[in-house]
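Everything below belongs to protein-v3.cif, which stores mmCIF, C-alpha atoms.
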data_model
loop_
_atom_site.label_atom_id
_atom_site.label_comp_id
_atom_site.auth_asym_id
_atom_site.auth_seq_id
_atom_site.Cartn_x
_atom_site.Cartn_y
_atom_site.Cartn_z
CA MET A 809 0.00 0.00 0.00
CA SER A 810 1.37 3.42 -0.93
CA ASP A 811 2.06 6.16 1.60
CA ASP A 812 -0.70 8.25 0.01
CA ALA A 813 -3.22 5.45 0.55
CA VAL A 814 -2.18 5.04 4.18
CA GLN A 815 -2.51 8.77 4.81
CA LEU A 816 -5.92 8.86 3.13
CA GLU A 817 -7.18 6.05 5.37
CA LYS A 818 -5.96 7.98 8.41
CA ARG A 819 -7.82 11.09 7.25
CA ILE A 820 -10.99 9.07 6.77
CA ARG A 821 -10.69 7.43 10.19
CA PHE A 822 -10.25 10.80 11.85
CA ALA A 823 -13.29 12.21 10.02
CA LEU A 824 -15.33 9.20 11.19
CA SER A 825 -14.16 9.61 14.77
CA ILE A 826 -15.53 13.15 15.09
CA LEU A 827 -19.00 12.47 13.69
CA GLY A 828 -20.32 12.05 17.21
CA GLU A 829 -19.22 15.56 18.17
CA SER A 830 -21.71 17.06 15.71
CA ASN A 831 -24.38 14.38 16.30
CA SER A 832 -24.11 13.40 12.63
CA HIS A 833 -25.95 10.09 12.82
CA HIS A 834 -27.98 10.73 9.67
CA GLU A 835 -24.86 11.58 7.64
CA PHE A 836 -23.17 8.40 8.89
CA GLU A 837 -26.28 6.38 8.09
CA ALA A 838 -26.36 7.73 4.52
CA LEU A 839 -22.64 7.04 4.08
CA CYS A 840 -23.03 3.45 5.32
CA LEU A 841 -26.03 2.86 3.06
CA GLY A 842 -24.10 4.10 0.03
CA LEU A 843 -21.10 1.92 0.85
CA ALA A 844 -23.23 -1.13 1.63
CA ARG A 845 -24.97 -0.85 -1.74
CA ARG A 846 -21.61 -0.82 -3.55
CA ARG A 847 -19.78 -3.42 -1.47
CA ILE A 848 -22.27 -5.75 0.25
CA THR A 849 -25.94 -5.78 -0.80
CA SER A 850 -27.21 -3.56 -3.62
CA ASN A 851 -30.96 -3.99 -2.98
CA LEU A 852 -31.09 -2.01 0.27
CA LEU A 853 -33.64 0.70 1.00
CA PRO A 854 -33.49 3.21 3.87
CA ALA A 855 -35.90 2.52 6.70
CA THR A 856 -38.62 5.00 7.62
CA GLY A 857 -39.84 6.15 11.00
CA PRO A 858 -38.22 8.31 13.69
CA ALA A 859 -35.38 6.35 15.28
CA SER A 860 -35.89 8.12 18.60
CA SER A 861 -39.31 6.52 18.98
CA GLY A 862 -38.27 3.13 17.64
CA GLY A 863 -40.10 3.77 14.41
CA ASP A 864 -37.40 2.12 12.35
CA GLN A 865 -37.27 -0.94 14.68
CA GLY A 866 -33.51 -0.51 14.96
CA ARG A 867 -33.18 -1.00 11.21
CA ASP A 868 -31.47 1.86 9.40
CA ALA A 869 -31.99 0.04 6.08
CA GLU A 870 -33.27 -3.30 4.88
CA SER A 871 -33.32 -5.20 1.63
CA HIS A 872 -36.26 -5.20 -0.74
CA TRP A 873 -37.28 -8.38 -2.54
CA SER A 874 -35.46 -9.04 -5.80
CA ASN A 875 -35.31 -12.09 -8.04
CA ILE A 876 -32.55 -10.60 -10.21
CA PRO A 877 -29.81 -12.71 -8.54
CA ARG A 878 -31.61 -15.83 -9.80
CA GLU A 879 -32.88 -14.60 -13.16
CA LEU A 880 -29.95 -12.41 -14.27
CA PRO A 881 -26.92 -13.40 -12.21
CA GLY A 882 -23.74 -11.46 -12.84
CA THR A 883 -25.17 -9.15 -15.51
CA SER A 884 -24.44 -5.96 -13.59
CA LEU A 885 -23.03 -4.58 -10.39
CA PHE A 886 -26.57 -4.50 -8.97
CA ALA A 887 -27.25 -8.13 -9.93
CA SER A 888 -23.89 -9.28 -8.58
CA LEU A 889 -24.52 -7.70 -5.17
CA ALA A 890 -28.29 -8.12 -4.81
CA SER A 891 -29.33 -10.57 -2.10
CA ILE A 892 -32.33 -12.87 -1.94
CA GLN A 893 -31.97 -12.92 1.86
CA ARG A 894 -33.61 -10.46 4.23
CA VAL A 895 -30.70 -8.17 5.05
CA VAL A 896 -30.79 -5.37 7.63
CA MET A 897 -28.27 -2.58 8.02
CA ALA A 898 -27.70 -0.82 11.34
CA CYS A 899 -25.12 1.76 12.36
CA THR A 900 -24.02 3.85 15.33
CA ILE A 901 -21.79 6.83 16.02
CA GLN A 902 -21.64 5.86 19.70
CA ALA A 903 -18.00 5.84 20.85
CA THR A 904 -18.19 3.61 23.94
CA ASP A 905 -19.48 0.12 24.81
CA ILE A 906 -19.98 -0.89 21.19
CA PRO A 907 -20.61 -4.59 22.05
CA GLY A 908 -23.43 -3.54 24.38
CA LYS A 909 -24.91 -1.26 21.73
CA ILE A 910 -24.80 -4.03 19.12
CA ARG A 911 -26.49 -6.51 21.50
CA LYS A 912 -29.23 -4.01 22.30
CA ASP A 913 -29.87 -3.24 18.62
CA LEU A 914 -29.97 -6.94 17.73
CA VAL A 915 -32.77 -7.46 20.28
CA SER A 916 -34.76 -4.66 18.63
CA ILE A 917 -34.03 -5.81 15.07
CA CYS A 918 -34.73 -9.51 15.62
CA GLY A 919 -37.50 -9.19 18.20
CA GLN A 920 -40.05 -7.49 15.96
CA GLY A 921 -40.99 -7.04 12.33
CA THR A 922 -40.14 -9.40 9.50
CA PRO A 923 -37.63 -12.21 10.16
CA VAL A 924 -34.01 -11.33 9.39
CA ASP A 925 -31.28 -13.47 7.83
CA ARG A 926 -28.29 -11.11 8.02
CA VAL A 927 -27.41 -7.95 9.95
CA ILE A 928 -24.69 -5.63 8.68
CA TYR A 929 -23.54 -3.36 11.51
CA PHE A 930 -21.40 -0.23 10.97
CA THR A 931 -19.55 1.62 13.72
CA VAL A 932 -17.21 4.62 13.72
CA THR A 933 -14.93 3.03 16.30
CA ALA A 934 -12.62 0.03 16.04
CA VAL A 935 -13.89 -3.35 17.25
CA PRO A 936 -11.12 -5.82 18.17
CA THR A 937 -11.17 -9.08 16.24
CA ARG A 938 -11.85 -11.24 19.32
CA LYS A 939 -14.86 -9.15 20.36
CA ARG A 940 -16.15 -9.12 16.79
CA HIS A 941 -16.03 -12.92 16.57
CA ASP A 942 -17.68 -13.30 19.99
CA LEU A 943 -20.54 -11.02 18.90
CA ILE A 944 -20.96 -12.93 15.62
CA ASP A 945 -21.17 -16.26 17.49
CA GLU A 946 -23.59 -14.81 20.05
CA ALA A 947 -25.87 -13.42 17.32
CA ALA A 948 -26.03 -16.84 15.65
CA ARG A 949 -26.86 -18.62 18.93
CA THR A 950 -29.29 -16.09 20.37
CA HIS A 951 -31.02 -14.67 17.31
CA GLN A 952 -30.21 -17.16 14.51
CA VAL A 953 -28.85 -14.38 12.30
CA GLU A 954 -25.57 -13.83 10.50
CA LEU A 955 -23.88 -10.75 11.93
CA GLU A 956 -21.21 -8.81 10.05
CA ILE A 957 -19.44 -5.88 11.70
CA TRP A 958 -17.78 -3.10 9.73
CA ASP A 959 -15.76 -0.95 12.11
CA ALA A 960 -13.73 2.21 11.47
CA ALA A 961 -10.81 0.27 10.00
CA ALA A 962 -12.98 -1.54 7.44
CA LEU A 963 -14.84 1.65 6.53
CA ALA A 964 -11.63 3.61 5.97
CA LEU A 965 -10.11 0.82 3.89
CA HIS A 966 -13.04 0.77 1.45
CA LEU A 967 -13.78 4.49 1.40
CA ALA A 968 -10.17 5.06 0.32
CA ASP A 969 -10.89 3.18 -2.93
CA TYR A 970 -11.61 5.18 -6.06
CA ASP A 971 -15.24 4.25 -6.68
CA PRO A 972 -16.80 4.88 -3.20
CA PHE A 973 -14.55 7.82 -2.29
CA TYR A 974 -17.29 10.24 -3.34
CA LEU A 975 -19.14 9.14 -0.17
CA ALA A 976 -16.27 10.43 1.96
CA VAL A 977 -16.42 13.73 0.08
CA GLN A 978 -20.18 14.03 0.42
CA TYR A 979 -20.70 12.91 4.02
CA LEU A 980 -17.32 13.34 5.72
CA HIS A 981 -16.57 16.59 3.85
CA LEU A 982 -13.11 15.53 2.72
CA PRO A 983 -11.58 17.58 -0.12
CA SER A 984 -12.29 16.02 -3.51
CA ASP A 985 -8.67 16.53 -4.56
CA LEU A 986 -7.72 13.75 -2.12
CA ALA A 987 -9.44 11.24 -4.42
CA PRO A 988 -7.27 8.20 -5.19
CA PRO A 989 -6.25 7.71 -8.84
CA ARG A 990 -8.75 6.02 -11.12
CA PRO A 991 -7.67 2.44 -11.97
CA ASP A 992 -7.99 3.04 -15.72
CA GLU A 993 -6.44 6.51 -16.02
CA ALA A 994 -5.02 5.51 -19.43
CA GLY A 995 -8.35 6.30 -21.10
CA HIS A 996 -9.63 9.82 -21.64
CA LEU A 997 -13.24 10.34 -20.65
CA PRO A 998 -15.30 13.38 -21.70
CA GLU A 999 -16.18 15.82 -18.95
CA TRP A 1000 -19.94 15.36 -19.41
CA TYR A 1001 -19.52 11.62 -18.86
CA VAL A 1002 -17.42 12.05 -15.71
CA GLU A 1003 -19.99 14.49 -14.35
CA ALA A 1004 -22.87 12.13 -15.15
CA ARG A 1005 -21.07 9.26 -13.42
CA ARG A 1006 -20.43 11.38 -10.33
CA ARG A 1007 -24.05 12.52 -10.23
CA TRP A 1008 -25.50 9.02 -10.56
CA GLN A 1009 -23.12 7.62 -7.94
CA ALA A 1010 -24.11 10.34 -5.49
CA ASN A 1011 -27.87 10.08 -6.07
CA ASP A 1012 -29.65 8.27 -3.24
CA GLU A 1013 -33.12 8.63 -4.77
CA PRO A 1014 -34.27 5.71 -6.95
CA ALA A 1015 -34.56 6.57 -10.65
CA ARG A 1016 -38.01 5.75 -12.02
CA THR A 1017 -39.22 8.22 -14.66
CA LEU A 1018 -38.76 8.54 -18.40
CA GLY A 1019 -36.72 11.68 -17.73
CA ASP A 1020 -34.39 9.65 -15.51
CA LEU A 1021 -34.00 7.11 -18.29
CA VAL A 1022 -33.19 9.78 -20.85
CA ASP A 1023 -30.52 11.10 -18.50
CA LEU A 1024 -29.13 7.59 -17.94
CA ARG A 1025 -29.15 6.59 -21.60
CA GLY A 1026 -26.29 8.91 -22.62
CA PRO A 1027 -23.59 7.59 -20.26
CA LEU A 1028 -24.91 4.02 -20.54
CA ARG A 1029 -24.50 4.06 -24.31
CA HIS A 1030 -21.11 5.79 -24.04
CA ALA A 1031 -19.84 3.01 -21.77
CA THR A 1032 -21.34 0.44 -24.15
CA PHE A 1033 -19.54 1.67 -27.24
CA HIS A 1034 -16.30 3.22 -25.91
CA ASP A 1035 -13.48 1.09 -24.55
CA GLU A 1036 -12.17 3.74 -22.16
CA ALA A 1037 -15.49 3.71 -20.27
CA ARG A 1038 -16.20 -0.03 -20.53
CA ALA A 1039 -15.14 -0.68 -16.93
CA ASP A 1040 -18.14 1.37 -15.79
CA LEU A 1041 -20.66 -0.57 -17.87
CA PRO A 1042 -21.76 -3.09 -15.19
CA GLU A 1043 -22.53 -0.18 -12.89
CA TRP A 1044 -24.58 1.64 -15.56
CA ILE A 1045 -26.49 -1.55 -16.33
CA GLY A 1046 -27.13 -1.86 -12.59
CA HIS A 1047 -28.63 1.64 -12.57
CA ALA A 1048 -30.84 0.63 -15.51
CA HIS A 1049 -32.04 -2.52 -13.71
CA ALA A 1050 -32.88 -0.46 -10.62
CA LEU A 1051 -34.80 2.01 -12.79
CA LEU A 1052 -36.69 -0.85 -14.45
CA ALA A 1053 -37.69 -2.24 -11.05
CA ALA A 1054 -39.06 1.16 -9.99
CA ALA A 1055 -40.39 2.39 -13.38
CA THR A 1056 -43.52 4.53 -13.13
CA GLY A 1057 -45.02 3.55 -16.50
CA GLU A 1058 -45.03 0.82 -19.14
CA HIS A 1059 -43.31 3.01 -21.74
CA THR A 1060 -40.45 3.72 -19.35
CA ALA A 1061 -40.12 0.02 -18.49
CA LEU A 1062 -40.07 -0.99 -22.17
CA ARG A 1063 -37.38 1.54 -23.04
CA ALA A 1064 -35.33 0.46 -20.01
CA ARG A 1065 -35.50 -3.18 -21.14
CA TYR A 1066 -34.33 -2.16 -24.60
CA GLU A 1067 -31.34 -0.23 -23.23
CA ILE A 1068 -30.31 -3.09 -20.93
CA VAL A 1069 -30.49 -5.70 -23.70
CA VAL A 1070 -28.47 -3.63 -26.17
CA ALA A 1071 -25.85 -2.63 -23.59
CA THR A 1072 -25.43 -6.23 -22.45
CA LEU A 1073 -24.91 -7.51 -26.01
CA ARG A 1074 -22.80 -4.70 -27.46
CA GLY A 1075 -20.83 -3.99 -24.30
CA LEU A 1076 -20.52 -7.37 -22.60
CA GLY A 1077 -20.78 -9.63 -25.67
CA ASP A 1078 -23.62 -11.84 -24.50
CA MET A 1079 -27.42 -11.84 -24.67
CA HIS A 1080 -28.21 -14.87 -22.52
CA PRO A 1081 -28.62 -12.79 -19.33
CA THR A 1082 -31.26 -10.62 -21.03
CA ASP A 1083 -33.32 -13.30 -22.77
CA GLN A 1084 -36.25 -12.90 -20.36
CA LEU A 1085 -36.13 -9.12 -20.63
CA ALA A 1086 -36.33 -9.41 -24.42
CA ARG A 1087 -39.22 -11.86 -24.15
CA ASP A 1088 -41.10 -9.47 -21.86
CA PHE A 1089 -40.39 -6.58 -24.24
CA PHE A 1090 -41.68 -8.32 -27.39
CA ASP A 1091 -44.66 -9.95 -25.67
CA THR A 1092 -45.80 -6.54 -24.39
CA VAL A 1093 -45.22 -4.63 -27.64
CA THR A 1094 -46.96 -7.18 -29.86
CA ALA A 1095 -49.91 -7.90 -27.53
CA ASP A 1096 -50.86 -4.38 -26.45
CA ASP A 1097 -52.94 -2.78 -29.25
CA ALA A 1098 -52.98 0.53 -27.38
CA LEU A 1099 -49.19 0.72 -27.52
CA THR A 1100 -48.54 2.64 -30.75
CA ASP A 1101 -45.51 4.78 -29.83
CA PRO A 1102 -43.39 4.90 -33.03
CA GLY A 1103 -40.19 5.11 -30.99
CA ILE A 1104 -40.93 1.89 -29.14
CA LEU A 1105 -41.95 0.15 -32.38
CA GLU A 1106 -38.66 1.24 -33.94
CA ASP A 1107 -36.82 -0.09 -30.87
CA ALA A 1108 -38.61 -3.41 -31.40
CA VAL A 1109 -37.43 -3.61 -35.02
CA VAL A 1110 -33.84 -2.81 -34.02
CA LEU A 1111 -33.94 -5.30 -31.15
CA LEU A 1112 -35.17 -8.05 -33.48
CA GLY A 1113 -32.14 -7.39 -35.67
CA TYR A 1114 -29.82 -7.70 -32.68
CA ARG A 1115 -31.55 -10.90 -31.60
CA PHE A 1116 -31.21 -12.56 -35.01
CA GLY A 1117 -27.52 -11.65 -35.00
CA ALA A 1118 -27.12 -13.05 -31.49
CA LEU A 1119 -28.89 -16.25 -32.53
CA VAL A 1120 -26.41 -16.82 -35.38
CA ARG A 1121 -23.51 -16.25 -32.97
CA ARG A 1122 -25.10 -18.46 -30.29
CA LEU A 1123 -25.30 -15.60 -27.81
CA THR A 1124 -28.96 -16.20 -26.90
CA ALA A 1125 -31.12 -19.15 -25.85
CA LEU A 1126 -34.16 -17.76 -27.69
CA THR A 1127 -35.14 -19.86 -30.69
CA VAL A 1128 -35.74 -19.15 -34.37
CA GLY A 1129 -39.42 -19.80 -33.69
CA ASP A 1130 -39.47 -17.16 -30.94
CA LEU A 1131 -37.93 -14.52 -33.18
CA TYR A 1132 -39.97 -15.25 -36.32
CA GLY A 1133 -43.13 -15.34 -34.20
CA TRP A 1134 -42.46 -11.86 -32.83
CA GLN A 1135 -41.42 -10.62 -36.28
CA HIS A 1136 -44.75 -11.68 -37.79
CA LEU A 1137 -46.78 -10.26 -34.90
CA LEU A 1138 -44.88 -6.99 -35.10
CA ALA A 1139 -45.33 -6.76 -38.89
CA ASP A 1140 -49.06 -7.43 -38.56
CA LYS A 1141 -49.39 -4.74 -35.90
CA ILE A 1142 -47.55 -2.16 -38.01
CA ASP A 1143 -49.71 -3.03 -41.04
CA ARG A 1144 -52.86 -2.45 -38.96
CA LEU A 1145 -51.56 0.89 -37.75
CA LEU A 1146 -50.73 1.98 -41.31
CA VAL A 1147 -54.20 1.00 -42.54
CA ALA A 1148 -55.65 3.23 -39.81
CA ASP A 1149 -54.18 6.23 -41.68
CA PRO A 1150 -52.02 7.76 -38.93
CA PRO A 1151 -50.90 11.42 -39.08
CA PRO A 1152 -47.94 12.06 -41.41
CA THR A 1153 -45.55 12.76 -38.53
CA GLN A 1154 -46.36 9.38 -36.99
#

Structure re-expressed in structure tokens:
Amino acid sequence: MSDDAVQLEKRIRFALSILGESNSHHEFEALCLGLARRRITSNLLPATGPASSGGDQGRDAESHWSNIPRELPGTSLFASLASIQRVVMACTIQATDIPGKIRKDLVSICGQGTPVDRVIYFTVTAVPTRKRHDLIDEAARTHQVELEIWDAAALALHLADYDPFYLAVQYLHLPSDLAPPRPDEAGHLPEWYVEARRRWQANDEPARTLGDLVDLRGPLRHATFHDEARADLPEWIGHAHALLAAATGEHTALRARYEIVVATLRGLGDMHPTDQLARDFFDTVTADDALTDPGILEDAVVLLGYRFGALVRRLTALTVGDLYGWQHLLADKIDRLLVADPPPTQ
């Protein structure tokens, strides 16, 4: 480890240690949630309810249900980190008697609400290895849960990495010029792309609208078709999957499916992980007579072309029958729309 990296970890640990002086529990909670989504479990949502009255049941965040790990394993950062278990995140800026605090919070977490499989606990102070292992064993015996403790040392180690360092800037107020070097500095990325990446990484609100998708599409396509940004592609696809899961309308969901399928093929060289997304896309477009958006119909034609190419290259498990069936249904639908004498612009 370089001297710069060691010094950065020390700066981060000091910033963590003084959070209690300003009663910055909410900032620490947001930092831990951001780091947990990037390093442990991506499908976490912040809990609601005033903590002072027990409204969050001791749970600062918990996982939402997702079948992506089974259906689309390894297709994105989100899919790689999403958990099918019930995971709860808890954190504290308390500086003393951390084992006692953890025990107390475990009683609250496991004694009410939905059953829990794993508890990820963050603390701003160091927890010695022996005490950490004793707490893990005690949690398994007493509450039948897997406990994982991230103390100040673990937090500083990960926050000093390039990709989650923005969390230290945002919530610990470290200068951005302390950022560690990007692993792939050899490539030259346009400023708009770097800004978009920073903005999407820092955004805690789930994307769900067509406007969000339009904003996401630019950097997603750039990472798909440009080698210097290819390392970011799994993360962009993860954002697109999250948007699809929260989409507010069918048109937004269809366009999100299209973007994910194309990015996965053109950027990652495989279509197998997106076969079900493509099936959902074509089944919806061909079956819904009210869906006449020319842009979505054009996307369907383009996607069919990609699928036939993937079939020849054995990059999809969809069959010739599947593709020709959708092609005929799509052609019939377009013929019906043309017979209806649409406006010239349509």

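Candidate residues A:Glu829, A:Glu954, A:Asp1107, A:Asp1023 were compared for distance to A:Ala903, and the nearest is A:Glu829, using all atoms listed in the file.
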
Please report, as JSON, the centre and edge lengths in Å to one decimal of an axis-aligned box covering all listed atoms of stretch 962-981 of chain A with 6 Å per side.
{"center_x": -15.4, "center_y": 7.5, "center_z": 0.4, "size_x": 22.6, "size_y": 30.1, "size_z": 26.1}

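One distance worth recording is that between atom CA of A:Val1070 and atom CA of A:His1136, which is 21.6 Å.
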
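Going from atom CA of A:Phe1033 over to atom CA of A:Gly1075, you cover 6.5 Å.
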
Rank nothing, just name the residue among A:Ala948, A:Ala1071, A:Ala962, A:Val896 nearest to A:Leu852, using all atoms listed in the file.
A:Val896

Could I get the residues of stretch 1032-1090 of chain A with an atom no further than 12 Å from an atom of stretch 969-975 of chain A, each paired with its nearest atom pair and that distance in Å to one decimal, using all atoms listed in the file, sorted by chain and residue number, as a tab-separated table?
residue	atom	partner	partner_atom	distance
A:Ala1039	CA	A:Asp971	CA	11.4
A:Asp1040	CA	A:Asp971	CA	10.0
A:Glu1043	CA	A:Asp971	CA	10.6

For A:Thr1094, which residue among A:Ala855, A:Ala1108, A:Val953, A:Leu1028 is the nearest when counting only C-alpha atoms?
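The answer is A:Ala1108, which sits nearest to A:Thr1094.
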
Written as a list in words, what is the full residue list that the PyMOL selection byres ((chain A and resi 851) around 6) yields on the file shown?
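On the file shown, the PyMOL selection byres ((chain A and resi 851) around 6) covers Thr849, Ser850, Leu852, Ser871, His872 and Ala890 of chain A.
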
Excluding same-chain residues fewer than 2 positions from A:Thr1100, what lies within 12 Å of it counting only C-alpha atoms, as a VMD selection string?
chain A and resid 1059 1092 to 1098 1102 to 1106 1108 1138 1141 to 1146 1148 1150 1154

Coordinates-based distance that separates atom CA of A:Asp868 from atom CA of A:Leu841 (Å, one decimal)
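One can read the atom CA of A:Leu841 to atom CA of A:Asp868 distance as 8.4 Å.
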
For A:Ile901, please output as a PyMOL selection string all residues within 10 Å (counting only C-alpha atoms; exclusion window: fewer than 5 positions along the same chain).
chain A and resi 824-829+831-834+836-837+906+930-933

Taking the file as shown, what set of residues would the PyMOL selection byres ((chain A and resi 1082-1086) around 9) give back, as a PDB file with C-alpha atoms, in the coordinates of the input?
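selection-v3.pdb was written with the following content:
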ATOM      1  CA  GLU A 879     -32.880 -14.600 -13.160  1.00  0.00           C
ATOM      2  CA  LEU A 880     -29.950 -12.410 -14.270  1.00  0.00           C
ATOM      3  CA  THR A 883     -25.170  -9.150 -15.510  1.00  0.00           C
ATOM      4  CA  ARG A1065     -35.500  -3.180 -21.140  1.00  0.00           C
ATOM      5  CA  TYR A1066     -34.330  -2.160 -24.600  1.00  0.00           C
ATOM      6  CA  ILE A1068     -30.310  -3.090 -20.930  1.00  0.00           C
ATOM      7  CA  VAL A1069     -30.490  -5.700 -23.700  1.00  0.00           C
ATOM      8  CA  THR A1072     -25.430  -6.230 -22.450  1.00  0.00           C
ATOM      9  CA  LEU A1073     -24.910  -7.510 -26.010  1.00  0.00           C
ATOM     10  CA  ASP A1078     -23.620 -11.840 -24.500  1.00  0.00           C
ATOM     11  CA  MET A1079     -27.420 -11.840 -24.670  1.00  0.00           C
ATOM     12  CA  HIS A1080     -28.210 -14.870 -22.520  1.00  0.00           C
ATOM     13  CA  PRO A1081     -28.620 -12.790 -19.330  1.00  0.00           C
ATOM     14  CA  ARG A1087     -39.220 -11.860 -24.150  1.00  0.00           C
ATOM     15  CA  ASP A1088     -41.100  -9.470 -21.860  1.00  0.00           C
ATOM     16  CA  PHE A1089     -40.390  -6.580 -24.240  1.00  0.00           C
ATOM     17  CA  PHE A1090     -41.680  -8.320 -27.390  1.00  0.00           C
ATOM     18  CA  ASP A1091     -44.660  -9.950 -25.670  1.00  0.00           C
ATOM     19  CA  LEU A1111     -33.940  -5.300 -31.150  1.00  0.00           C
ATOM     20  CA  ARG A1115     -31.550 -10.900 -31.600  1.00  0.00           C
ATOM     21  CA  THR A1124     -28.960 -16.200 -26.900  1.00  0.00           C
ATOM     22  CA  ALA A1125     -31.120 -19.150 -25.850  1.00  0.00           C
ATOM     23  CA  LEU A1126     -34.160 -17.760 -27.690  1.00  0.00           C
TER      24      LEU A1126
END

Extract, using all atoms listed in the file, all DNA, RNA and protein residues at most 10 Å from A:Leu816, discarding same-chain residues fewer than 5 positions from it, and format them as JSON, numbers by chain.
{"A": [810, 811, 821, 822, 964, 965, 967, 968, 969, 982, 986, 987, 988]}

Please dump the current selection as a PDB file, in the coordinates of the input; keep C-alpha atoms.
ATOM      1  CA  SER A 810       1.370   3.420  -0.930  1.00  0.00           C
ATOM      2  CA  ASP A 811       2.060   6.160   1.600  1.00  0.00           C
ATOM      3  CA  ARG A 821     -10.690   7.430  10.190  1.00  0.00           C
ATOM      4  CA  PHE A 822     -10.250  10.800  11.850  1.00  0.00           C
ATOM      5  CA  ALA A 964     -11.630   3.610   5.970  1.00  0.00           C
ATOM      6  CA  LEU A 965     -10.110   0.820   3.890  1.00  0.00           C
ATOM      7  CA  LEU A 967     -13.780   4.490   1.400  1.00  0.00           C
ATOM      8  CA  ALA A 968     -10.170   5.060   0.320  1.00  0.00           C
ATOM      9  CA  ASP A 969     -10.890   3.180  -2.930  1.00  0.00           C
ATOM     10  CA  LEU A 982     -13.110  15.530   2.720  1.00  0.00           C
ATOM     11  CA  LEU A 986      -7.720  13.750  -2.120  1.00  0.00           C
ATOM     12  CA  ALA A 987      -9.440  11.240  -4.420  1.00  0.00           C
ATOM     13  CA  PRO A 988      -7.270   8.200  -5.190  1.00  0.00           C
TER      14      PRO A 988
END

Residue by residue, what does the PyMOL selection byres ((chain A and resi 909) around 12) grab here? Present the result as a list of chain:residue names.
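For this structure, the PyMOL selection byres ((chain A and resi 909) around 12) resolves to A:Gly866, A:Ala898, A:Cys899, A:Thr900, A:Ile901, A:Gln902, A:Ala903, A:Thr904, A:Asp905, A:Ile906, A:Pro907, A:Gly908, A:Ile910, A:Arg911, A:Lys912, A:Asp913, A:Leu914, A:Val915, A:Ser916, A:Tyr929, A:Phe930, A:Thr931, A:Leu943.
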
Could you check the closest approach to A:Thr937 for each of A:His1034, A:Thr922, A:Ala961, A:Thr1060 and tell me which residue wins, using only C-alpha atoms?
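That would be A:Ala961, the residue with the smallest distance to A:Thr937.
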
If you count all atoms listed in the file, the residue of A:Leu853, A:Pro989, A:Leu1119, A:Leu889 closest to A:Pro1042 turns out to be A:Leu889

Quick one: everything within 12 Å of A:Arg926, counting only C-alpha atoms, minus sequence neighbours fewer than 4 positions away in the same chain. Send it as an NGL selection string.
:A and (848-849 or 867 or 869-871 or 891-898 or 914 or 917-918 or 944 or 947-948 or 951-957)

Around (-35.8, 6.5, -7.3) in the file's frame, which residues reach within 12 Å when counting all atoms listed in the file? Return as an MDAnalysis selection string?
chainID A and resid 853:854 1008 1011:1021 1047:1056

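Among A:Leu1137, A:Leu980, A:Leu1112, A:Ala1037, the residue with the shortest atom-to-atom distance to A:Arg1005, counting all atoms listed in the file, is A:Ala1037.
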